[in-house]
$ cat structure_37.pdb   # PDB, C-alpha atoms and all ligand atoms
MODEL        1
ATOM      1  CA  MET W   1      -8.948  36.873 -86.308
ATOM      2  CA  ALA W   2      -7.404  35.669 -89.481
ATOM      3  CA  MET W   3      -7.690  33.212 -92.322
ATOM      4  CA  VAL W   4      -4.652  31.014 -91.767
ATOM      5  CA  LEU W   5      -3.248  28.531 -94.242
ATOM      6  CA  LEU W   6      -1.380  25.845 -92.353
ATOM      7  CA  VAL W   7       1.072  23.880 -94.491
ATOM      8  CA  GLU W   8       2.241  20.804 -92.617
ATOM      9  CA  ASP W   9       2.644  17.223 -93.756
ATOM     10  CA  ASP W  10       2.625  15.616 -90.314
ATOM     11  CA  ASP W  11      -1.019  14.659 -89.700
ATOM     12  CA  ASP W  12      -0.800  14.686 -85.908
ATOM     13  CA  VAL W  13       0.869  18.087 -85.769
ATOM     14  CA  ARG W  14      -1.530  19.490 -88.372
ATOM     15  CA  GLN W  15      -4.679  18.228 -86.647
ATOM     16  CA  ALA W  16      -3.546  19.513 -83.264
ATOM     17  CA  LEU W  17      -2.676  22.986 -84.569
ATOM     18  CA  LEU W  18      -5.844  23.146 -86.673
ATOM     19  CA  ARG W  19      -7.995  22.431 -83.662
ATOM     20  CA  GLU W  20      -6.220  24.852 -81.366
ATOM     21  CA  LEU W  21      -6.068  27.708 -83.873
ATOM     22  CA  ARG W  22      -9.774  27.256 -84.578
ATOM     23  CA  ASP W  23     -10.462  27.350 -80.852
ATOM     24  CA  LEU W  24      -8.596  30.657 -80.774
ATOM     25  CA  GLY W  25     -11.053  31.955 -83.368
ATOM     26  CA  HIS W  26      -9.051  31.710 -86.582
ATOM     27  CA  THR W  27     -10.377  30.332 -89.824
ATOM     28  CA  VAL W  28      -7.879  27.654 -90.785
ATOM     29  CA  ARG W  29      -7.323  25.764 -93.997
ATOM     30  CA  SER W  30      -4.549  23.274 -94.378
ATOM     31  CA  ALA W  31      -2.350  21.622 -96.962
ATOM     32  CA  GLY W  32       0.081  18.728 -96.647
ATOM     33  CA  LEU W  33       2.091  19.475 -99.788
ATOM     34  CA  ALA W  34       3.790  22.597-101.091
ATOM     35  CA  LEU W  35       2.034  22.425-104.451
ATOM     36  CA  GLU W  36      -1.317  22.076-102.717
ATOM     37  CA  ALA W  37      -0.423  25.169-100.672
ATOM     38  CA  LEU W  38       0.394  27.148-103.814
ATOM     39  CA  ARG W  39      -2.988  26.250-105.290
ATOM     40  CA  GLU W  40      -4.693  27.156-102.030
ATOM     41  CA  VAL W  41      -2.962  30.563-101.860
ATOM     42  CA  SER W  42      -4.063  31.409-105.399
ATOM     43  CA  ALA W  43      -7.613  30.168-104.849
ATOM     44  CA  ASN W  44      -8.393  31.458-101.350
ATOM     45  CA  ALA W  45      -5.944  34.296-100.512
ATOM     46  CA  PRO W  46      -5.238  33.617 -96.821
ATOM     47  CA  ASP W  47      -4.150  36.426 -94.460
ATOM     48  CA  VAL W  48      -1.113  34.471 -93.332
ATOM     49  CA  VAL W  49       0.658  31.238 -94.261
ATOM     50  CA  VAL W  50       2.417  28.963 -91.779
ATOM     51  CA  LEU W  51       4.863  26.954 -93.847
ATOM     52  CA  ASP W  52       6.586  23.819 -92.612
ATOM     53  CA  LEU W  53       9.966  23.627 -94.297
ATOM     54  CA  GLY W  54      10.184  19.843 -94.304
ATOM     55  CA  LEU W  55       7.543  18.939 -96.879
ATOM     56  CA  PRO W  56       7.651  15.775 -98.968
ATOM     57  CA  ASP W  57       7.302  17.373-102.406
ATOM     58  CA  LEU W  58       9.453  20.527-102.334
ATOM     59  CA  ASP W  59      12.345  21.854-100.309
ATOM     60  CA  GLY W  60      11.027  24.533 -97.933
ATOM     61  CA  ALA W  61      13.167  27.323 -99.347
ATOM     62  CA  GLU W  62      12.008  26.372-102.828
ATOM     63  CA  ALA W  63       8.366  26.336-101.683
ATOM     64  CA  LEU W  64       8.817  29.790-100.163
ATOM     65  CA  LYS W  65      10.283  31.112-103.380
ATOM     66  CA  MET W  66       7.369  29.776-105.441
ATOM     67  CA  LEU W  67       4.891  31.165-102.967
ATOM     68  CA  ARG W  68       6.557  34.550-103.139
ATOM     69  CA  ALA W  69       6.269  34.484-106.926
ATOM     70  CA  VAL W  70       2.473  34.343-106.696
ATOM     71  CA  SER W  71       1.643  36.239-103.505
ATOM     72  CA  ASP W  72       2.753  38.856-100.988
ATOM     73  CA  VAL W  73       0.924  37.089 -98.154
ATOM     74  CA  PRO W  74       2.857  37.123 -94.852
ATOM     75  CA  VAL W  75       4.640  33.797 -94.331
ATOM     76  CA  ILE W  76       5.784  32.322 -91.029
ATOM     77  CA  VAL W  77       8.182  29.460 -91.639
ATOM     78  CA  ALA W  78       8.204  26.590 -89.207
ATOM     79  CA  THR W  79      11.463  24.785 -89.060
ATOM     80  CA  ALA W  80      13.186  22.148 -87.013
ATOM     81  CA  ARG W  81      16.418  23.481 -88.424
ATOM     82  CA  ASP W  82      17.396  26.214 -86.039
ATOM     83  CA  GLY W  83      20.763  27.087 -87.557
ATOM     84  CA  GLU W  84      21.194  30.832 -87.724
ATOM     85  CA  GLN W  85      22.338  30.775 -91.355
ATOM     86  CA  GLU W  86      19.217  28.898 -92.435
ATOM     87  CA  ILE W  87      16.961  31.363 -90.674
ATOM     88  CA  ILE W  88      18.783  34.361 -92.143
ATOM     89  CA  ARG W  89      18.538  32.828 -95.597
ATOM     90  CA  LEU W  90      14.793  32.267 -95.250
ATOM     91  CA  LEU W  91      14.082  35.729 -93.901
ATOM     92  CA  ARG W  92      16.020  37.096 -96.859
ATOM     93  CA  SER W  93      14.047  34.903 -99.255
ATOM     94  CA  GLY W  94      10.805  36.521 -98.167
ATOM     95  CA  ALA W  95       9.756  34.877 -94.892
ATOM     96  CA  ASP W  96       8.192  37.347 -92.434
ATOM     97  CA  ASP W  97       8.877  35.403 -89.266
ATOM     98  CA  TYR W  98       9.855  31.936 -88.122
ATOM     99  CA  LEU W  99       9.121  29.405 -85.459
ATOM    100  CA  VAL W 100      11.383  26.595 -84.349
ATOM    101  CA  LYS W 101       9.646  23.266 -83.817
ATOM    102  CA  PRO W 102       8.149  22.124 -81.605
ATOM    103  CA  PHE W 103       5.963  25.113 -80.771
ATOM    104  CA  SER W 104       2.603  25.566 -79.077
ATOM    105  CA  ALA W 105      -0.564  26.879 -80.728
ATOM    106  CA  GLY W 106      -0.422  29.783 -78.285
ATOM    107  CA  HIS W 107       3.025  30.742 -79.532
ATOM    108  CA  LEU W 108       1.916  30.427 -83.156
ATOM    109  CA  HIS W 109      -1.197  32.512 -82.402
ATOM    110  CA  ALA W 110       0.992  35.315 -80.990
ATOM    111  CA  ARG W 111       3.269  35.230 -84.044
ATOM    112  CA  VAL W 112       0.273  35.285 -86.398
ATOM    113  CA  GLU W 113      -1.119  38.340 -84.640
ATOM    114  CA  ALA W 114       2.243  40.135 -84.708
ATOM    115  CA  VAL W 115       2.743  39.463 -88.421
ATOM    116  CA  LEU W 116      -0.779  40.649 -89.210
ATOM    117  CA  ARG W 117      -0.331  43.787 -87.160
ATOM    118  CA  ARG W 118       2.793  44.608 -89.145
ATOM    119  CA  ALA W 119       1.137  43.802 -92.448
ATOM    120  CA  ARG W 120      -1.792  46.080 -91.625
ATOM    121  CA  THR W 121       0.299  49.058 -90.569
ATOM    122  CA  VAL W 122       2.502  49.008 -93.669
ATOM    123  CA  THR W 123       1.597  52.165 -95.531
ATOM    124  CA  ARG W 124       0.305  51.469 -98.959
ATOM    125  CA  PRO W 125       2.151  53.377-101.663
ATOM    126  CA  GLY W 126      -0.214  55.180-103.986
ATOM    127  CA  PRO W 127      -0.709  54.002-107.545
ATOM    128  CA  LEU W 128       1.839  54.870-110.205
ATOM    129  CA  VAL W 129       0.484  57.359-112.689
ATOM    130  CA  VAL W 130       1.562  57.577-116.327
ATOM    131  CA  GLY W 131      -0.714  59.917-118.260
ATOM    132  CA  ALA W 132      -4.252  58.576-117.889
ATOM    133  CA  LEU W 133      -2.884  55.200-116.786
ATOM    134  CA  GLN W 134      -2.897  54.219-113.109
ATOM    135  CA  VAL W 135      -1.076  51.145-111.856
ATOM    136  CA  ASP W 136      -1.723  50.095-108.268
ATOM    137  CA  ALA W 137       0.852  47.446-107.414
ATOM    138  CA  GLU W 138      -0.604  46.785-103.945
ATOM    139  CA  ARG W 139      -4.081  46.043-105.204
ATOM    140  CA  ARG W 140      -2.832  44.623-108.501
ATOM    141  CA  GLN W 141      -5.182  46.856-110.437
ATOM    142  CA  ALA W 142      -4.533  48.947-113.483
ATOM    143  CA  ARG W 143      -6.894  51.549-114.876
ATOM    144  CA  LEU W 144      -6.849  53.483-118.097
ATOM    145  CA  GLU W 145      -8.932  56.658-118.072
ATOM    146  CA  GLY W 146     -10.629  55.262-114.972
ATOM    147  CA  THR W 147     -11.610  51.962-116.591
ATOM    148  CA  PRO W 148     -10.087  48.815-115.026
ATOM    149  CA  LEU W 149      -7.893  46.819-117.406
ATOM    150  CA  GLN W 150      -8.329  43.049-117.475
ATOM    151  CA  LEU W 151      -4.726  41.872-117.381
ATOM    152  CA  SER W 152      -3.175  38.478-116.851
ATOM    153  CA  ARG W 153      -0.668  38.160-114.024
ATOM    154  CA  LYS W 154       2.332  38.503-116.334
ATOM    155  CA  GLU W 155       0.777  41.399-118.220
ATOM    156  CA  PHE W 156       0.183  43.178-114.949
ATOM    157  CA  ASP W 157       3.704  42.476-113.667
ATOM    158  CA  MET W 158       5.144  43.733-116.929
ATOM    159  CA  LEU W 159       3.019  46.889-116.904
ATOM    160  CA  ALA W 160       3.906  47.584-113.255
ATOM    161  CA  PHE W 161       7.612  47.203-114.002
ATOM    162  CA  LEU W 162       7.344  49.469-117.050
ATOM    163  CA  ALA W 163       5.367  52.035-115.030
ATOM    164  CA  ARG W 164       8.028  52.046-112.291
ATOM    165  CA  ASN W 165      10.527  52.764-115.057
ATOM    166  CA  ALA W 166       8.341  55.113-117.086
ATOM    167  CA  GLY W 167      10.258  57.285-119.525
ATOM    168  CA  ARG W 168      13.202  54.880-119.658
ATOM    169  CA  VAL W 169      13.864  52.224-122.281
ATOM    170  CA  VAL W 170      13.644  48.801-120.642
ATOM    171  CA  SER W 171      15.445  45.924-122.354
ATOM    172  CA  ARG W 172      13.927  42.507-122.991
ATOM    173  CA  ARG W 173      16.633  41.072-120.759
ATOM    174  CA  GLU W 174      15.407  43.251-117.882
ATOM    175  CA  LEU W 175      11.832  42.122-118.449
ATOM    176  CA  LEU W 176      12.965  38.499-118.442
ATOM    177  CA  THR W 177      14.885  39.009-115.218
ATOM    178  CA  GLU W 178      12.355  41.173-113.418
ATOM    179  CA  VAL W 179       9.044  39.772-114.590
ATOM    180  CA  TRP W 180       9.868  36.174-115.526
ATOM    181  CA  GLN W 181      12.710  35.844-113.023
ATOM    182  CA  GLN W 182      14.829  34.213-115.705
ATOM    183  CA  PRO W 183      18.086  35.731-116.879
ATOM    184  CA  TYR W 184      17.811  33.911-120.204
ATOM    185  CA  GLY W 185      14.835  33.118-122.297
ATOM    186  CA  ASP W 186      12.887  33.560-125.416
ATOM    187  CA  ASP W 187      12.401  37.106-126.732
ATOM    188  CA  GLN W 188       9.287  35.862-128.464
ATOM    189  CA  THR W 189       7.535  35.268-125.126
ATOM    190  CA  ILE W 190       8.191  38.886-124.236
ATOM    191  CA  ASP W 191       7.049  40.138-127.626
ATOM    192  CA  VAL W 192       3.825  38.167-127.447
ATOM    193  CA  HIS W 193       3.017  39.516-123.989
ATOM    194  CA  LEU W 194       3.925  43.027-125.090
ATOM    195  CA  SER W 195       1.566  42.810-128.025
ATOM    196  CA  TRP W 196      -1.275  41.622-125.754
ATOM    197  CA  LEU W 197      -0.539  44.417-123.338
ATOM    198  CA  ARG W 198      -0.393  46.935-126.178
ATOM    199  CA  ARG W 199      -3.810  45.818-127.394
ATOM    200  CA  LYS W 200      -5.306  46.116-123.909
ATOM    201  CA  LEU W 201      -3.898  49.640-123.640
ATOM    202  CA  GLY W 202      -5.642  50.435-126.914
ATOM    203  CA  ASP W 203      -2.282  51.143-128.539
ATOM    204  CA  ARG W 204      -1.286  50.353-132.092
ATOM    205  CA  ALA W 205       2.333  49.435-132.826
ATOM    206  CA  ALA W 206       2.333  51.790-135.815
ATOM    207  CA  ALA W 207       1.115  54.786-133.799
ATOM    208  CA  PRO W 208       1.806  54.076-130.113
ATOM    209  CA  ARG W 209       0.584  56.324-127.346
ATOM    210  CA  TYR W 210       1.900  54.582-124.222
ATOM    211  CA  LEU W 211       4.026  51.635-125.245
ATOM    212  CA  HIS W 212       6.917  52.506-127.521
ATOM    213  CA  THR W 213       9.176  49.878-129.039
ATOM    214  CA  VAL W 214      12.752  50.984-129.502
ATOM    215  CA  ARG W 215      14.084  48.674-132.168
ATOM    216  CA  GLY W 216      17.005  46.557-131.070
ATOM    217  CA  VAL W 217      16.913  47.989-127.551
ATOM    218  CA  GLY W 218      13.617  47.359-125.816
ATOM    219  CA  VAL W 219      10.423  49.059-124.873
ATOM    220  CA  MET W 220       9.397  52.220-123.040
ATOM    221  CA  LEU W 221       6.212  53.307-121.330
ATOM    222  CA  THR W 222       5.491  57.032-121.477
ATOM    223  CA  ALA W 223       2.529  59.336-121.194
ATOM    224  CA  PRO W 224       1.123  60.368-124.590
ATOM    225  CA  GLU W 225       2.255  63.795-125.773
TER     226      GLU W 225
HETATM  227 CA    CA P 301       7.308  18.125 -92.080
ENDMDL
END
$ encode --input "structure_37.pdb" --output "structure tokens"
Amino acid sequence: MAMVLLVEDDDDVRQALLRELRDLGHTVRSAGLALEALREVSANAPDVVVLDLGLPDLDGAEALKMLRAVSDVPVIVATARDGEQEIIRLLRSGADDYLVKPFSAGHLHARVEAVLRRARTVTRPGPLVVGALQVDAERRQARLEGTPLQLSRKEFDMLAFLARNAGRVVSRRELLTEVWQQPYGDDQTIDVHLSWLRRKLGDRAAAPRYLHTVRGVGVMLTAPE
């Protein structure tokens, strides 16, 4: 049984599904707005999200994108729009499955179980290793010489991207695109985050061990010599 987050603005539909999913043994929380759902996902980490695409505050595709920016939780989109193009677009934007409204709780239950089965059998890649640094993207944990690093979300994302590209100079533009998902932006934001990350790695800019700045080009993560 799973912790399900049901995102649906229609009270009648939400109450009916809540009741039936609970009867089937799931723990269910619900939200009527996309922004509420985003808060809920960050605060309570559900096993699966059922996302209605017709919400009053955000377009469904937009809500999915924002959700994907904060979590890898499996998402089943529920849509009245059954056009093939729309479904393809949503599956490409990170949805794991979809349901066309109206659907029964039994049908939803079966989809939830299928999505969870897939999520559980996905093999976890091992952590990336750079010298004495370990970066586990699945668990969102980084360790240096065995000691967990306390990193903010952006610091972690940046470190994970640098670790995937260890030994290669990564430009600020790439960090903006890959970590901030913005093609344009302020280099200063990057520099500030890099300096925080450097400090947490116990590096000094003057004598770096892991994080090397290549002036005018970018930054590179490497194992110390
Ligand atoms: Ca709706």
$ residues_near_ligand --input "structure_37.pdb" --ligand "ligand CA 301 (chain P)" --cutoff "7 Å" --atoms "all atoms listed in the file" --output "ChimeraX atom specification"
/W:8-10,52-55
$ residues_around --input "structure_37.pdb" --residues "segment 82-91 of chain W" --least-positions-apart "3" --cutoff "12 Å" --atoms "all atoms listed in the file" --output "compact mmCIF listing (two decimals) with C-alpha atoms, keeping the file's coordinate frame"
# COMPACT_ATOMS: atom_id res chain seq x y z
CA LEU W 51 4.86 26.95 -93.85
CA LEU W 53 9.97 23.63 -94.30
CA ASP W 59 12.34 21.85 -100.31
CA GLY W 60 11.03 24.53 -97.93
CA ALA W 61 13.17 27.32 -99.35
CA GLU W 62 12.01 26.37 -102.83
CA ALA W 63 8.37 26.34 -101.68
CA LEU W 64 8.82 29.79 -100.16
CA LYS W 65 10.28 31.11 -103.38
CA ARG W 68 6.56 34.55 -103.14
CA PRO W 74 2.86 37.12 -94.85
CA VAL W 75 4.64 33.80 -94.33
CA ILE W 76 5.78 32.32 -91.03
CA VAL W 77 8.18 29.46 -91.64
CA ALA W 78 8.20 26.59 -89.21
CA THR W 79 11.46 24.78 -89.06
CA GLY W 94 10.80 36.52 -98.17
CA ALA W 95 9.76 34.88 -94.89
CA ASP W 96 8.19 37.35 -92.43
CA ASP W 97 8.88 35.40 -89.27
CA TYR W 98 9.86 31.94 -88.12
CA LEU W 99 9.12 29.40 -85.46
CA VAL W 100 11.38 26.60 -84.35
CA LYS W 101 9.65 23.27 -83.82
CA PRO W 102 8.15 22.12 -81.60
$ resolve_selection --input "structure_37.pdb" --expression "the PyMOL selection byres (((chain W and resi 197) around 9) and not hetatm)" --output "PyMOL selection string"
chain W and resi 151+155-156+158-159+192-196+198-203+211
$ closest_residue --input "structure_37.pdb" --among "W:Val219, W:Leu149, W:Ala142, W:Ile190" --to "Ala166 of chain W" --atoms "only C-alpha atoms"
W:Val219
$ residues_around --input "structure_37.pdb" --residues "Glu145 of chain W" --least-positions-apart "6" --cutoff "9 Å" --atoms "all atoms listed in the file" --output "VMD selection string"
chain W and resid 131 to 134
$ closest_residue --input "structure_37.pdb" --among "W:Ala206, W:Leu58, W:Leu67, W:Ala45" --to "Met3 of chain W" --atoms "only C-alpha atoms"
W:Ala45
$ atom_distance --input "structure_37.pdb" --atom1 "atom CA of Phe161 of chain W" --atom2 "atom CA of Glu178 of chain W"
7.7 Å
$ atom_distance --input "structure_37.pdb" --atom1 "atom CA of Leu17 of chain W" --atom2 "atom CA of Pro46 of chain W"
16.4 Å
$ build_atoms --input "structure_37.pdb" --residues "segment 189-207 of chain W" --atoms "N, CA, C and O atoms" --output "mmCIF file, in the frame of the given file"
data_model
loop_
_atom_site.group_PDB
_atom_site.id
_atom_site.type_symbol
_atom_site.label_atom_id
_atom_site.label_comp_id
_atom_site.auth_asym_id
_atom_site.auth_seq_id
_atom_site.Cartn_x
_atom_site.Cartn_y
_atom_site.Cartn_z
ATOM 1 N N THR W 189 8.483 35.256 -126.244
ATOM 2 C CA THR W 189 7.535 35.268 -125.126
ATOM 3 C C THR W 189 7.255 36.709 -124.727
ATOM 4 O O THR W 189 6.103 37.100 -124.528
ATOM 5 N N ILE W 190 8.318 37.487 -124.613
ATOM 6 C CA ILE W 190 8.191 38.886 -124.236
ATOM 7 C C ILE W 190 7.373 39.629 -125.283
ATOM 8 O O ILE W 190 6.451 40.375 -124.960
ATOM 9 N N ASP W 191 7.724 39.413 -126.547
ATOM 10 C CA ASP W 191 7.049 40.138 -127.626
ATOM 11 C C ASP W 191 5.552 39.827 -127.666
ATOM 12 O O ASP W 191 4.739 40.713 -127.885
ATOM 13 N N VAL W 192 5.235 38.556 -127.436
ATOM 14 C CA VAL W 192 3.825 38.167 -127.447
ATOM 15 C C VAL W 192 3.077 38.868 -126.309
ATOM 16 O O VAL W 192 2.011 39.454 -126.509
ATOM 17 N N HIS W 193 3.673 38.857 -125.119
ATOM 18 C CA HIS W 193 3.017 39.516 -123.989
ATOM 19 C C HIS W 193 2.920 41.023 -124.210
ATOM 20 O O HIS W 193 1.933 41.648 -123.845
ATOM 21 N N LEU W 194 3.965 41.584 -124.805
ATOM 22 C CA LEU W 194 3.925 43.027 -125.090
ATOM 23 C C LEU W 194 2.802 43.363 -126.058
ATOM 24 O O LEU W 194 2.124 44.376 -125.910
ATOM 25 N N SER W 195 2.607 42.484 -127.043
ATOM 26 C CA SER W 195 1.566 42.810 -128.025
ATOM 27 C C SER W 195 0.177 42.687 -127.397
ATOM 28 O O SER W 195 -0.715 43.470 -127.689
ATOM 29 N N TRP W 196 0.016 41.719 -126.468
ATOM 30 C CA TRP W 196 -1.275 41.622 -125.754
ATOM 31 C C TRP W 196 -1.492 42.865 -124.899
ATOM 32 O O TRP W 196 -2.578 43.431 -124.860
ATOM 33 N N LEU W 197 -0.439 43.250 -124.211
ATOM 34 C CA LEU W 197 -0.539 44.417 -123.338
ATOM 35 C C LEU W 197 -0.860 45.669 -124.160
ATOM 36 O O LEU W 197 -1.711 46.480 -123.794
ATOM 37 N N ARG W 198 -0.176 45.778 -125.295
ATOM 38 C CA ARG W 198 -0.393 46.935 -126.178
ATOM 39 C C ARG W 198 -1.860 47.009 -126.591
ATOM 40 O O ARG W 198 -2.481 48.072 -126.547
ATOM 41 N N ARG W 199 -2.419 45.849 -126.960
ATOM 42 C CA ARG W 199 -3.810 45.818 -127.394
ATOM 43 C C ARG W 199 -4.737 46.256 -126.261
ATOM 44 O O ARG W 199 -5.671 47.014 -126.455
ATOM 45 N N LYS W 200 -4.441 45.764 -125.040
ATOM 46 C CA LYS W 200 -5.306 46.116 -123.909
ATOM 47 C C LYS W 200 -5.199 47.601 -123.545
ATOM 48 O O LYS W 200 -6.124 48.175 -122.972
ATOM 49 N N LEU W 201 -4.053 48.194 -123.878
ATOM 50 C CA LEU W 201 -3.898 49.640 -123.640
ATOM 51 C C LEU W 201 -4.512 50.443 -124.779
ATOM 52 O O LEU W 201 -4.486 51.675 -124.765
ATOM 53 N N GLY W 202 -5.042 49.749 -125.772
ATOM 54 C CA GLY W 202 -5.642 50.435 -126.914
ATOM 55 C C GLY W 202 -4.600 51.091 -127.807
ATOM 56 O O GLY W 202 -4.907 52.027 -128.546
ATOM 57 N N ASP W 203 -3.364 50.585 -127.726
ATOM 58 C CA ASP W 203 -2.282 51.143 -128.539
ATOM 59 C C ASP W 203 -2.144 50.366 -129.849
ATOM 60 O O ASP W 203 -2.452 49.184 -129.911
ATOM 61 N N ARG W 204 -1.659 51.038 -130.857
ATOM 62 C CA ARG W 204 -1.286 50.353 -132.092
ATOM 63 C C ARG W 204 0.220 50.496 -132.258
ATOM 64 O O ARG W 204 0.770 51.574 -132.007
ATOM 65 N N ALA W 205 0.871 49.405 -132.693
ATOM 66 C CA ALA W 205 2.333 49.435 -132.826
ATOM 67 C C ALA W 205 2.776 50.547 -133.776
ATOM 68 O O ALA W 205 3.803 51.189 -133.570
ATOM 69 N N ALA W 206 1.949 50.791 -134.815
ATOM 70 C CA ALA W 206 2.333 51.790 -135.815
ATOM 71 C C ALA W 206 2.236 53.213 -135.270
ATOM 72 O O ALA W 206 3.001 54.083 -135.668
ATOM 73 N N ALA W 207 1.280 53.440 -134.353
ATOM 74 C CA ALA W 207 1.115 54.786 -133.799
ATOM 75 C C ALA W 207 0.913 54.675 -132.293
ATOM 76 O O ALA W 207 -0.187 54.865 -131.781
#
